[in-house]
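**Q** My structure is stored as protein_31.cif, with mmCIF, C-alpha atoms and all ligand atoms.
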data_input
#
loop_
_atom_site.label_atom_id
_atom_site.label_comp_id
_atom_site.auth_asym_id
_atom_site.auth_seq_id
_atom_site.Cartn_x
_atom_site.Cartn_y
_atom_site.Cartn_z
CA MET A 1 -18.95 -37.81 -20.85
CA VAL A 2 -19.66 -40.85 -23.02
CA SER A 3 -18.56 -38.99 -26.10
CA GLU A 4 -15.35 -37.89 -24.39
CA ILE A 5 -14.52 -41.52 -23.63
CA GLN A 6 -15.40 -42.56 -27.17
CA GLN A 7 -13.26 -39.75 -28.52
CA LYS A 8 -10.25 -40.93 -26.54
CA ARG A 9 -10.78 -44.55 -27.60
CA GLU A 10 -10.43 -43.47 -31.22
CA GLN A 11 -7.05 -41.88 -30.57
CA PHE A 12 -5.20 -45.14 -29.95
CA VAL A 13 -4.69 -48.44 -31.77
CA LEU A 14 -3.31 -51.79 -30.66
CA ARG A 15 -0.93 -53.06 -33.29
CA CYS A 16 1.80 -55.58 -33.95
CA PHE A 17 5.29 -54.22 -33.32
CA ALA A 18 6.65 -56.18 -36.29
CA CYS A 19 4.00 -56.44 -39.05
CA LYS A 20 1.84 -53.48 -37.88
CA THR A 21 -1.46 -55.40 -38.15
CA GLU A 22 -4.04 -53.52 -36.07
CA PHE A 23 -6.39 -54.95 -33.44
CA ARG A 24 -9.17 -53.62 -31.23
CA ILE A 25 -7.57 -52.20 -28.11
CA ASP A 26 -10.23 -53.52 -25.71
CA ASP A 27 -9.68 -57.08 -26.99
CA TYR A 28 -6.27 -57.13 -25.30
CA GLY A 29 -6.04 -60.11 -22.95
CA LYS A 30 -7.95 -62.40 -25.29
CA PHE A 31 -4.56 -62.69 -26.99
CA TYR A 32 -1.09 -61.42 -26.07
CA ARG A 33 0.70 -61.63 -29.39
CA CYS A 34 -0.04 -60.68 -32.99
CA LEU A 35 -2.62 -63.10 -34.37
CA LYS A 36 -0.91 -62.89 -37.75
CA CYS A 37 2.84 -63.21 -37.04
CA GLY A 38 3.14 -63.95 -33.29
CA ASN A 39 5.23 -60.92 -32.35
CA LEU A 40 4.63 -58.56 -29.43
CA LEU A 41 1.93 -55.89 -29.56
CA GLU A 42 2.25 -52.16 -28.91
CA ILE A 43 -0.08 -49.23 -28.52
CA LYS A 44 0.18 -46.36 -30.95
CA ARG A 45 -1.48 -43.02 -30.43
CA ILE A 46 -2.77 -41.90 -33.80
CA ALA A 47 -4.25 -38.54 -32.79
CA ASP A 48 -2.26 -35.39 -33.40
CA LEU A 49 -2.09 -33.53 -30.11
CA SER A 50 0.10 -30.73 -31.36
CA SER A 51 -2.70 -28.19 -31.13
CA SER A 52 -4.46 -29.62 -28.08
CA LYS A 53 -4.52 -28.22 -24.58
CA SER A 54 -1.93 -29.01 -21.92
CA PRO A 55 -2.08 -32.63 -20.76
CA HIS A 56 -1.70 -31.51 -17.15
CA ALA A 57 -5.27 -32.16 -16.24
CA ILE A 58 -5.70 -34.70 -13.49
CA ALA A 59 -2.77 -34.82 -11.09
CA SER A 60 -0.25 -32.20 -10.03
CA TYR A 61 2.63 -34.57 -10.77
CA GLY A 62 3.44 -38.17 -11.63
CA VAL A 63 2.17 -40.70 -14.15
CA TRP A 64 -1.46 -39.51 -14.28
CA ASN A 65 -0.29 -36.01 -15.00
CA TYR A 66 -0.19 -37.37 -18.56
CA PHE A 67 -3.67 -38.93 -18.61
CA ASP A 68 -4.35 -37.64 -22.13
CA LEU A 69 -1.34 -39.58 -23.44
CA ILE A 70 -2.29 -42.89 -21.77
CA PRO A 71 -4.84 -45.33 -23.26
CA LEU A 72 -7.20 -45.52 -20.28
CA TRP A 73 -10.69 -44.36 -21.15
CA ASN A 74 -12.35 -43.56 -17.85
CA LYS A 75 -10.66 -41.62 -15.06
CA SER A 76 -12.79 -43.44 -12.49
CA ASN A 77 -10.84 -46.62 -13.27
CA ILE A 78 -7.50 -45.18 -12.16
CA VAL A 79 -5.76 -47.30 -9.50
CA SER A 80 -2.99 -45.09 -8.13
CA LEU A 81 -0.52 -44.81 -5.28
CA SER A 82 0.84 -41.44 -6.49
CA GLU A 83 3.59 -43.09 -8.55
CA GLY A 84 6.05 -41.22 -10.74
CA GLY A 85 7.19 -37.67 -10.08
CA THR A 86 10.56 -39.02 -8.94
CA PRO A 87 13.51 -36.62 -8.67
CA LEU A 88 16.14 -36.14 -11.35
CA ILE A 89 19.25 -35.65 -9.24
CA GLU A 90 22.36 -34.00 -10.60
CA CYS A 91 25.44 -35.95 -9.50
CA ARG A 92 28.23 -33.36 -9.41
CA ASN A 93 30.69 -35.38 -7.31
CA LEU A 94 30.57 -38.37 -9.65
CA ALA A 95 30.59 -36.19 -12.76
CA ARG A 96 33.76 -34.51 -11.53
CA SER A 97 35.55 -37.76 -10.77
CA PHE A 98 34.50 -39.31 -14.09
CA GLY A 99 35.35 -36.15 -16.04
CA LEU A 100 31.79 -35.67 -17.30
CA LYS A 101 30.08 -32.32 -17.70
CA SER A 102 26.51 -33.13 -16.76
CA LEU A 103 25.38 -36.35 -15.05
CA HIS A 104 21.89 -36.94 -13.65
CA VAL A 105 20.18 -39.86 -11.95
CA LYS A 106 16.44 -40.37 -12.29
CA PHE A 107 15.89 -42.12 -8.97
CA GLU A 108 13.04 -44.52 -9.61
CA GLY A 109 13.59 -46.22 -6.24
CA LEU A 110 11.42 -43.46 -4.78
CA ASN A 111 8.24 -44.88 -6.31
CA PRO A 112 5.58 -46.27 -3.90
CA THR A 113 6.89 -49.86 -3.91
CA GLY A 114 10.51 -48.83 -4.39
CA SER A 115 10.94 -49.44 -8.11
CA PHE A 116 10.17 -48.08 -11.58
CA LYS A 117 7.64 -50.89 -12.10
CA ASP A 118 4.95 -48.79 -10.40
CA ARG A 119 4.68 -46.48 -13.42
CA GLY A 120 3.65 -49.34 -15.67
CA MET A 121 1.66 -51.17 -13.05
CA THR A 122 -0.65 -48.26 -12.21
CA VAL A 123 -1.68 -48.22 -15.89
CA GLY A 124 -1.70 -52.03 -16.27
CA VAL A 125 -3.92 -52.57 -13.22
CA SER A 126 -6.18 -49.59 -14.04
CA LYS A 127 -6.70 -51.13 -17.50
CA ALA A 128 -7.35 -54.55 -15.94
CA LYS A 129 -10.07 -52.88 -13.87
CA GLU A 130 -11.48 -51.11 -16.94
CA LEU A 131 -11.58 -54.38 -18.90
CA GLY A 132 -13.31 -56.12 -15.98
CA TYR A 133 -10.57 -58.56 -14.91
CA LYS A 134 -10.82 -60.09 -11.43
CA ILE A 135 -7.52 -62.03 -11.53
CA ALA A 136 -4.03 -60.80 -12.50
CA MET A 137 -0.80 -62.74 -12.83
CA CYS A 138 2.89 -62.09 -13.39
CA ALA A 139 6.23 -63.84 -13.41
CA SER A 140 8.88 -61.83 -11.63
CA THR A 141 12.46 -61.52 -10.46
CA GLY A 142 10.94 -59.53 -7.57
CA ASN A 143 10.11 -55.90 -8.38
CA THR A 144 7.22 -56.72 -10.71
CA SER A 145 5.61 -58.99 -8.12
CA ALA A 146 5.96 -56.33 -5.39
CA SER A 147 4.40 -53.71 -7.63
CA LEU A 148 1.60 -55.86 -9.06
CA SER A 149 0.58 -57.12 -5.63
CA ALA A 150 0.38 -53.55 -4.24
CA TYR A 151 -1.82 -52.24 -7.07
CA THR A 152 -4.07 -55.30 -7.16
CA ALA A 153 -4.50 -54.99 -3.38
CA ARG A 154 -5.69 -51.44 -3.91
CA ALA A 155 -8.03 -52.53 -6.72
CA GLN A 156 -9.08 -55.65 -4.79
CA ILE A 157 -8.16 -57.89 -7.73
CA ARG A 158 -6.83 -61.39 -7.01
CA CYS A 159 -3.06 -61.53 -7.58
CA ILE A 160 -0.96 -64.57 -8.49
CA VAL A 161 2.82 -64.28 -8.81
CA LEU A 162 5.38 -66.79 -10.02
CA VAL A 163 8.99 -66.32 -8.90
CA PRO A 164 12.12 -68.36 -9.63
CA LYS A 165 12.90 -70.43 -6.55
CA GLY A 166 15.79 -69.05 -4.47
CA LYS A 167 16.53 -66.24 -6.94
CA ILE A 168 14.49 -63.36 -5.53
CA ALA A 169 15.72 -60.66 -3.14
CA MET A 170 14.37 -60.82 0.40
CA GLY A 171 12.89 -57.31 0.47
CA LYS A 172 10.89 -57.93 -2.69
CA MET A 173 9.53 -61.25 -1.44
CA ALA A 174 8.50 -59.58 1.85
CA GLN A 175 6.57 -56.95 -0.11
CA ALA A 176 4.56 -59.50 -2.12
CA ILE A 177 3.73 -61.38 1.08
CA ALA A 178 2.65 -58.19 2.86
CA TYR A 179 0.42 -57.05 -0.01
CA GLY A 180 -1.33 -60.42 0.08
CA ALA A 181 -0.32 -61.99 -3.24
CA GLU A 182 -0.59 -65.73 -3.84
CA ILE A 183 3.06 -66.63 -4.40
CA TYR A 184 4.40 -69.73 -6.14
CA GLN A 185 8.10 -70.54 -6.43
CA VAL A 186 8.97 -72.13 -9.75
CA GLU A 187 11.75 -74.69 -9.89
CA GLY A 188 13.66 -72.95 -12.64
CA ASN A 189 14.75 -69.43 -13.58
CA PHE A 190 12.77 -66.30 -14.45
CA ASP A 191 12.42 -67.33 -18.10
CA ASP A 192 10.79 -70.61 -17.02
CA SER A 193 8.43 -68.71 -14.70
CA LEU A 194 7.34 -66.36 -17.49
CA ARG A 195 6.80 -69.24 -19.91
CA VAL A 196 4.47 -70.98 -17.43
CA ALA A 197 2.58 -67.75 -16.61
CA SER A 198 2.14 -66.88 -20.31
CA GLU A 199 0.84 -70.34 -21.17
CA ILE A 200 -1.78 -70.25 -18.41
CA CYS A 201 -2.97 -66.74 -19.26
CA GLU A 202 -3.21 -67.55 -22.97
CA ARG A 203 -5.36 -70.56 -22.11
CA ASP A 204 -7.53 -68.91 -19.44
CA ASN A 205 -8.97 -65.56 -20.57
CA LYS A 206 -10.16 -64.76 -17.06
CA ILE A 207 -6.56 -64.12 -15.92
CA LEU A 208 -4.73 -61.04 -17.22
CA LEU A 209 -0.96 -61.36 -17.66
CA LEU A 210 0.77 -58.22 -16.40
CA ASN A 211 4.37 -58.77 -17.42
CA SER A 212 6.08 -56.07 -19.48
CA LEU A 213 4.96 -57.68 -22.74
CA ASN A 214 1.63 -56.11 -21.73
CA PRO A 215 1.66 -52.86 -23.75
CA PHE A 216 -0.35 -50.95 -21.14
CA ARG A 217 2.61 -51.35 -18.79
CA ILE A 218 4.84 -49.72 -21.41
CA GLU A 219 2.34 -46.84 -21.74
CA GLY A 220 2.73 -46.01 -18.04
CA GLN A 221 6.45 -46.51 -18.00
CA LYS A 222 7.06 -44.15 -20.91
CA THR A 223 6.16 -41.23 -18.59
CA VAL A 224 9.67 -41.45 -17.11
CA SER A 225 10.90 -39.76 -20.29
CA PHE A 226 8.24 -37.03 -20.19
CA GLU A 227 9.39 -36.22 -16.66
CA ILE A 228 13.10 -36.19 -17.56
CA VAL A 229 12.44 -33.68 -20.37
CA GLU A 230 10.35 -31.49 -18.05
CA GLN A 231 12.98 -31.69 -15.31
CA LEU A 232 15.71 -30.67 -17.74
CA GLY A 233 13.73 -27.51 -18.38
CA GLY A 234 12.04 -28.74 -21.53
CA SER A 235 15.11 -30.18 -23.20
CA MET A 236 16.09 -33.71 -24.23
CA PRO A 237 19.14 -35.30 -22.62
CA ASP A 238 21.86 -36.36 -25.08
CA PHE A 239 22.32 -39.85 -23.62
CA VAL A 240 20.12 -42.07 -21.47
CA VAL A 241 21.87 -44.98 -19.75
CA LEU A 242 19.75 -47.68 -18.15
CA PRO A 243 19.80 -51.32 -17.02
CA VAL A 244 18.37 -53.94 -19.38
CA GLY A 245 16.82 -57.21 -18.23
CA ASN A 246 13.61 -58.18 -19.99
CA GLY A 247 13.82 -55.12 -22.26
CA GLY A 248 10.59 -53.38 -21.20
CA ASN A 249 12.29 -50.41 -19.55
CA ILE A 250 14.42 -49.32 -22.51
CA THR A 251 11.43 -49.94 -24.82
CA ALA A 252 9.24 -47.65 -22.74
CA ALA A 253 11.81 -44.91 -22.19
CA TRP A 254 12.54 -44.79 -25.92
CA LYS A 255 8.82 -44.72 -26.73
CA GLY A 256 8.43 -41.72 -24.41
CA PHE A 257 11.26 -39.74 -26.00
CA SER A 258 10.11 -40.67 -29.51
CA GLU A 259 6.56 -39.50 -28.78
CA ILE A 260 7.85 -36.18 -27.52
CA PHE A 261 9.91 -35.76 -30.67
CA GLU A 262 7.65 -37.18 -33.38
CA ASP A 263 4.09 -36.82 -32.30
CA GLY A 264 3.77 -33.14 -31.70
CA LEU A 265 4.19 -33.30 -27.95
CA GLY A 266 7.14 -30.97 -28.23
CA GLY A 267 5.04 -27.92 -27.53
CA LEU A 268 3.24 -29.54 -24.62
CA LEU A 269 6.36 -30.71 -22.85
CA GLY A 270 8.46 -27.79 -23.95
CA ASN A 271 11.05 -29.71 -25.94
CA GLN A 272 13.21 -27.29 -27.87
CA LEU A 273 12.18 -27.68 -31.45
CA GLY A 274 14.66 -29.69 -33.45
CA LYS A 275 16.54 -31.31 -30.59
CA THR A 276 16.73 -35.00 -31.38
CA PRO A 277 15.86 -37.75 -28.89
CA PRO A 278 18.71 -39.16 -26.78
CA MET A 279 20.92 -42.09 -27.69
CA MET A 280 19.84 -45.04 -25.58
CA ILE A 281 22.58 -47.06 -23.87
CA GLY A 282 21.37 -50.37 -22.46
CA VAL A 283 23.60 -52.03 -19.86
CA GLN A 284 23.35 -55.70 -18.91
CA ALA A 285 25.18 -57.91 -16.43
CA GLU A 286 27.90 -60.01 -18.08
CA GLY A 287 26.30 -63.29 -17.01
CA ALA A 288 22.94 -62.33 -18.53
CA ALA A 289 23.71 -60.23 -21.59
CA PRO A 290 21.97 -61.62 -24.69
CA ILE A 291 21.02 -58.13 -25.95
CA ALA A 292 24.52 -56.69 -25.48
CA ARG A 293 25.89 -59.71 -27.32
CA ALA A 294 23.41 -59.36 -30.19
CA PHE A 295 24.35 -55.68 -30.50
CA LYS A 296 28.07 -56.46 -30.59
CA GLU A 297 27.45 -59.04 -33.31
CA GLY A 298 25.46 -56.44 -35.27
CA ARG A 299 22.24 -58.45 -35.12
CA LYS A 300 18.89 -56.71 -35.51
CA ASP A 301 16.35 -59.46 -35.88
CA SER A 302 17.40 -62.19 -33.49
CA ILE A 303 19.10 -62.83 -30.17
CA GLU A 304 20.65 -65.97 -28.76
CA PRO A 305 19.03 -66.65 -25.37
CA ILE A 306 21.29 -67.57 -22.45
CA LEU A 307 20.03 -70.80 -20.95
CA ASN A 308 21.49 -70.41 -17.47
CA PRO A 309 21.80 -66.66 -16.75
CA GLN A 310 24.01 -65.81 -13.76
CA THR A 311 24.28 -62.49 -11.99
CA GLU A 312 23.90 -61.29 -8.39
CA ALA A 313 21.94 -58.35 -9.83
CA SER A 314 18.78 -60.44 -9.56
CA ALA A 315 16.45 -57.86 -11.19
CA ILE A 316 18.23 -58.35 -14.52
CA ASN A 317 19.06 -62.04 -14.21
CA ILE A 318 17.17 -62.83 -17.42
CA GLY A 319 18.52 -64.95 -20.27
CA SER A 320 15.62 -64.77 -22.72
CA PRO A 321 14.28 -61.19 -22.70
CA ILE A 322 10.70 -61.11 -23.93
CA SER A 323 10.99 -57.56 -25.34
CA TRP A 324 14.31 -58.15 -27.12
CA MET A 325 13.00 -56.99 -30.50
CA LYS A 326 11.68 -53.71 -29.09
CA ALA A 327 14.84 -53.21 -27.00
CA LEU A 328 17.15 -53.69 -29.99
CA ALA A 329 14.96 -51.33 -32.05
CA ALA A 330 15.30 -48.68 -29.31
CA ILE A 331 19.08 -49.04 -29.36
CA TYR A 332 19.49 -48.99 -33.15
CA ASP A 333 16.82 -46.35 -33.84
CA SER A 334 18.34 -43.98 -31.28
CA GLY A 335 21.89 -44.51 -32.52
CA GLY A 336 22.76 -45.90 -29.10
CA LEU A 337 24.48 -49.08 -27.98
CA ALA A 338 24.34 -52.02 -25.59
CA ASP A 339 27.15 -53.23 -23.35
CA SER A 340 27.66 -55.40 -20.30
CA VAL A 341 29.44 -55.02 -16.95
CA SER A 342 30.71 -57.59 -14.44
CA ASP A 343 29.10 -58.18 -11.04
CA GLU A 344 32.27 -56.79 -9.46
CA GLU A 345 31.88 -53.55 -11.42
CA ILE A 346 28.19 -53.44 -10.46
CA PHE A 347 28.83 -53.71 -6.71
CA SER A 348 31.63 -51.21 -6.81
CA ALA A 349 29.37 -48.75 -8.73
CA GLN A 350 26.58 -49.32 -6.20
CA LYS A 351 28.92 -48.29 -3.36
CA LEU A 352 30.28 -45.37 -5.38
CA LEU A 353 26.82 -43.93 -6.05
CA ALA A 354 25.84 -44.31 -2.39
CA SER A 355 29.06 -42.95 -0.87
CA ARG A 356 29.61 -40.10 -3.35
CA GLU A 357 26.04 -38.97 -3.94
CA GLY A 358 23.91 -40.40 -1.13
CA LEU A 359 21.88 -42.57 -3.52
CA PHE A 360 21.45 -46.20 -2.46
CA VAL A 361 20.16 -48.25 -5.40
CA GLU A 362 19.74 -51.96 -5.92
CA PRO A 363 22.54 -53.80 -7.79
CA ALA A 364 20.79 -53.85 -11.20
CA SER A 365 20.25 -50.10 -10.94
CA ALA A 366 23.99 -49.53 -10.56
CA THR A 367 24.79 -50.92 -14.04
CA PRO A 368 24.61 -47.47 -15.75
CA ILE A 369 27.12 -46.06 -13.23
CA ALA A 370 29.33 -49.14 -13.67
CA TYR A 371 29.32 -48.57 -17.43
CA LEU A 372 30.22 -44.87 -17.05
CA ALA A 373 32.98 -45.69 -14.54
CA ARG A 374 34.51 -48.10 -17.02
CA ILE A 375 34.48 -45.87 -20.09
CA ALA A 376 35.72 -42.95 -17.96
CA SER A 377 38.71 -44.88 -16.70
CA ALA A 378 39.47 -46.26 -20.19
CA ARG A 379 38.95 -42.81 -21.80
CA SER A 380 37.33 -44.70 -24.66
CA ASP A 381 35.77 -43.24 -27.82
CA GLU A 382 32.37 -43.53 -26.17
CA PHE A 383 33.65 -41.42 -23.30
CA ASP A 384 34.92 -38.73 -25.69
CA GLN A 385 31.49 -38.62 -27.28
CA MET A 386 29.70 -38.28 -23.94
CA LYS A 387 31.94 -36.11 -21.80
CA ASP A 388 30.49 -32.74 -22.79
CA SER A 389 26.89 -33.97 -23.06
CA VAL A 390 23.84 -34.14 -20.82
CA ILE A 391 23.58 -37.70 -19.48
CA ALA A 392 20.60 -39.15 -17.61
CA CYS A 393 20.88 -42.54 -15.89
CA ILE A 394 17.65 -44.30 -14.95
CA CYS A 395 18.27 -46.06 -11.64
CA THR A 396 15.35 -48.42 -11.36
CA GLY A 397 15.07 -49.60 -7.75
CA SER A 398 15.89 -48.85 -4.11
CA GLY A 399 18.91 -50.44 -2.44
CA LEU A 400 16.67 -51.40 0.48
CA LYS A 401 15.07 -54.02 -1.77
CA ASP A 402 18.13 -56.22 -1.63
CA PRO A 403 20.31 -55.45 1.43
CA ASN A 404 21.74 -58.97 1.51
CA ALA A 405 23.48 -58.52 -1.83
CA LEU A 406 25.45 -55.61 -0.37
CA LEU A 407 26.04 -57.09 3.09
CA LYS A 408 27.54 -60.22 1.53
CA GLY A 409 30.51 -58.11 0.47
CA VAL A 410 31.11 -56.64 3.95
CA LYS A 411 34.24 -57.99 5.69
CA PRO A 412 33.76 -59.24 9.29
CA ASP A 413 36.20 -56.68 10.72
CA GLN A 414 34.70 -53.76 8.79
CA ILE A 415 32.43 -52.84 11.70
CA GLN A 416 34.36 -52.91 15.01
CA THR A 417 32.81 -53.54 18.41
CA ILE A 418 33.82 -51.24 21.29
CA SER A 419 33.10 -51.11 25.03
CA ALA A 420 30.47 -48.68 26.26
CA ASP A 421 32.88 -45.92 27.32
CA THR A 422 34.39 -42.81 25.66
CA LYS A 423 37.94 -44.11 26.05
CA SER A 424 37.24 -47.05 23.75
CA LEU A 425 35.72 -44.74 21.17
CA GLU A 426 38.66 -42.32 21.41
CA LYS A 427 41.05 -45.20 20.90
CA VAL A 428 39.44 -46.39 17.64
CA LEU A 429 38.98 -42.85 16.32
CA ALA A 430 42.66 -41.98 16.82
ZN ZN B 501 2.37 -59.24 -36.61
#
Step by step, read the file and then write its structure as structure tokens.

**A**
Amino acid sequence: MVSEIQQKREQFVLRCFACKTEFRIDDYGKFYRCLKCGNLLEIKRIADLSSSKSPHAIASYGVWNYFDLIPLWNKSNIVSLSEGGTPLIECRNLARSFGLKSLHVKFEGLNPTGSFKDRGMTVGVSKAKELGYKIAMCASTGNTSASLSAYTARAQIRCIVLVPKGKIAMGKMAQAIAYGAEIYQVEGNFDDSLRVASEICERDNKILLLNSLNPFRIEGQKTVSFEIVEQLGGSMPDFVVLPVGNGGNITAAWKGFSEIFEDGLGGLLGNQLGKTPPMMIGVQAEGAAPIARAFKEGRKDSIEPILNPQTEASAINIGSPISWMKALAAIYDSGGLADSVSDEEIFSAQKLLASREGLFVEPASATPIAYLARIASARSDEFDQMKDSVIACICTGSGLKDPNALLKGVKPDQIQTISADTKSLEKVLA
């Protein structure tokens, strides 16, 4: 058993995303950035698995289905709520009205705490347990705090969350309270909350920071791509459209597809040899779109943060995305693009997805549909490129997380009151 653990440890390295300096993986938490150049760290699997056995060893479905591809050494440290294994739903009604051939939604709102964050958090908290941490912390616009507090409750690790005051959806706040997190509201926005959390965790090595700059989170989240390829019958989609806030999601999804393509996982996951990874399309809200702006300006190595980000899609109300460098790399390396949509387009796409396909997602999750609706109605060049392709949208969270955002747009006379008799009902139905 010991040798098996040692063997796995040797298959992964912790390294700088920018300068590629390597560090010992189990030292993570003593530092969060490259000790040489200060950039974010990533985990790279260096073993060639092309001739190894199937990774389907531990669970019948979900994140831990891919245990061999995740840098956790000991299975006994797994902290799980059966996350992942979410459906990939073909949206024929929407595809028809947009004029697209093949449109799918990976509905991540069906994870245990209602968002995609659970994929990363099961790995992040399992690793915290493996490294012996007793306290975990995050800054959050809501979903991260809900997810972290659920997994730490299960692991019985103390959980501290920082949220921007007045900028977090009610459902998400209720979750963190229920799971027993210690919650502090920061007078400022998400970016301020993350700055404070990072500074404390860098100073106090007893607290592990579990924001998406934590590369173990990315390692769990990348499994969304493994599942999409499996659900498409072992084939890559042509385009993946997803919301972008802090940049961790697009980073992880791209890492998953790249690993399938480059690292010899093709055989394991059944990817048709030679089919290239999808083009990644990151969609932001207009009031919080520093990555979309950098892309439009053709920048690769810098972004201009937005000091006062403003969007009702609270999950992506982030002006200074911590993973911007990785997110831009995902977009450029995949030949994809970044764009932004207005709050009005977001809310209309949210209603469209719910009323045409029966999928109720939170506002941020509707950004991919808003983007597709726009290019479809404009019949733009992007639309021409996509219309005969296989498109997968990653819809990150459940609509039940943030009912107020939707109800705000409901007109007072939209729901009529009637007397308790059939005549009254007949009258309004006529
Ligand atoms: Zn470096």

**Q** So which one's closest to Val125 in chain A, A:Lys172, A:Arg217, A:Arg299, A:Arg203? Using only C-alpha atoms, please.

**A**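 For Val125 in chain A, the nearest of the given residues is A:Arg217.
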
**Q** Output the neighbourhood of ligand ZN 501 (chain B) as number ranges by chain, that is, all protein and nucleic acid residues with some atom at most 6 Å from the ligand, counting all atoms listed in the file.

**A** A: 16, 18-21, 34, 36-39

**Q** Determine the nearest neighbour of Tyr184 in chain A from the options A:Asn205, A:Ser145, A:Ser398, A:Thr367, counting all atoms listed in the file.

**A** A:Ser145

**Q** CA of Met386 in chain A to CA of Leu100 in chain A: how many Å, to one decimal?

**A**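 It comes out at 7.4 Å.
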
**Q** Using only C-alpha atoms, which of the listed residues (A:Glu22, A:Ala47, A:Val341, A:Lys423) sits closest to Arg9 in chain A?

**A**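 Looking only at the distances to Arg9 in chain A, the closest residue turns out to be A:Ala47.
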
**Q** Do a neighbour search on Pro290 in chain A at 12 Å with all atoms listed in the file, toss out local chain neighbours closer than 4 positions, and write the hits as an MDAnalysis selection string.

**A** chainID A and resid 244:247 282:286 294:297 299 302:310 316:325 327:328 338:340

**Q** Can you write out as a Markdown table which residues of range 194-276 of chain A fall within 8 Å of range 75-97 of chain A, alongside each residue's closest atom pair and its distance in Å to one decimal, counting only C-alpha atoms and ordering rows by chain and ascending residue number?

**A**
| residue | atom | partner | partner_atom | distance |
| --- | --- | --- | --- | --- |
| A:Thr223 | CA | A:Gly84 | CA | 7.9 |
| A:Val224 | CA | A:Gly84 | CA | 7.3 |
| A:Glu227 | CA | A:Gly85 | CA | 7.1 |
| A:Ile228 | CA | A:Leu88 | CA | 6.9 |
| A:Gln231 | CA | A:Leu88 | CA | 6.7 |

**Q** Kindly indicate which residue among A:Gly256, A:Gly234, A:Gly29, A:Gly336 lies nearest to Met280 in chain A, using all atoms listed in the file for the distances.

**A**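 Using all atoms listed in the file, the shortest distance to Met280 in chain A belongs to A:Gly336.
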
**Q** Give me the residues within 9 Å of Ala405 in chain A as a list in words, counting only C-alpha atoms and dropping any in the same chain fewer than 2 places off.

**A**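 Here the qualifying residues turn out to be Ala169, Glu312, Ala313, Phe347, Glu362, Pro363, Asp402, Pro403, Leu407, Lys408 and Gly409 of chain A.
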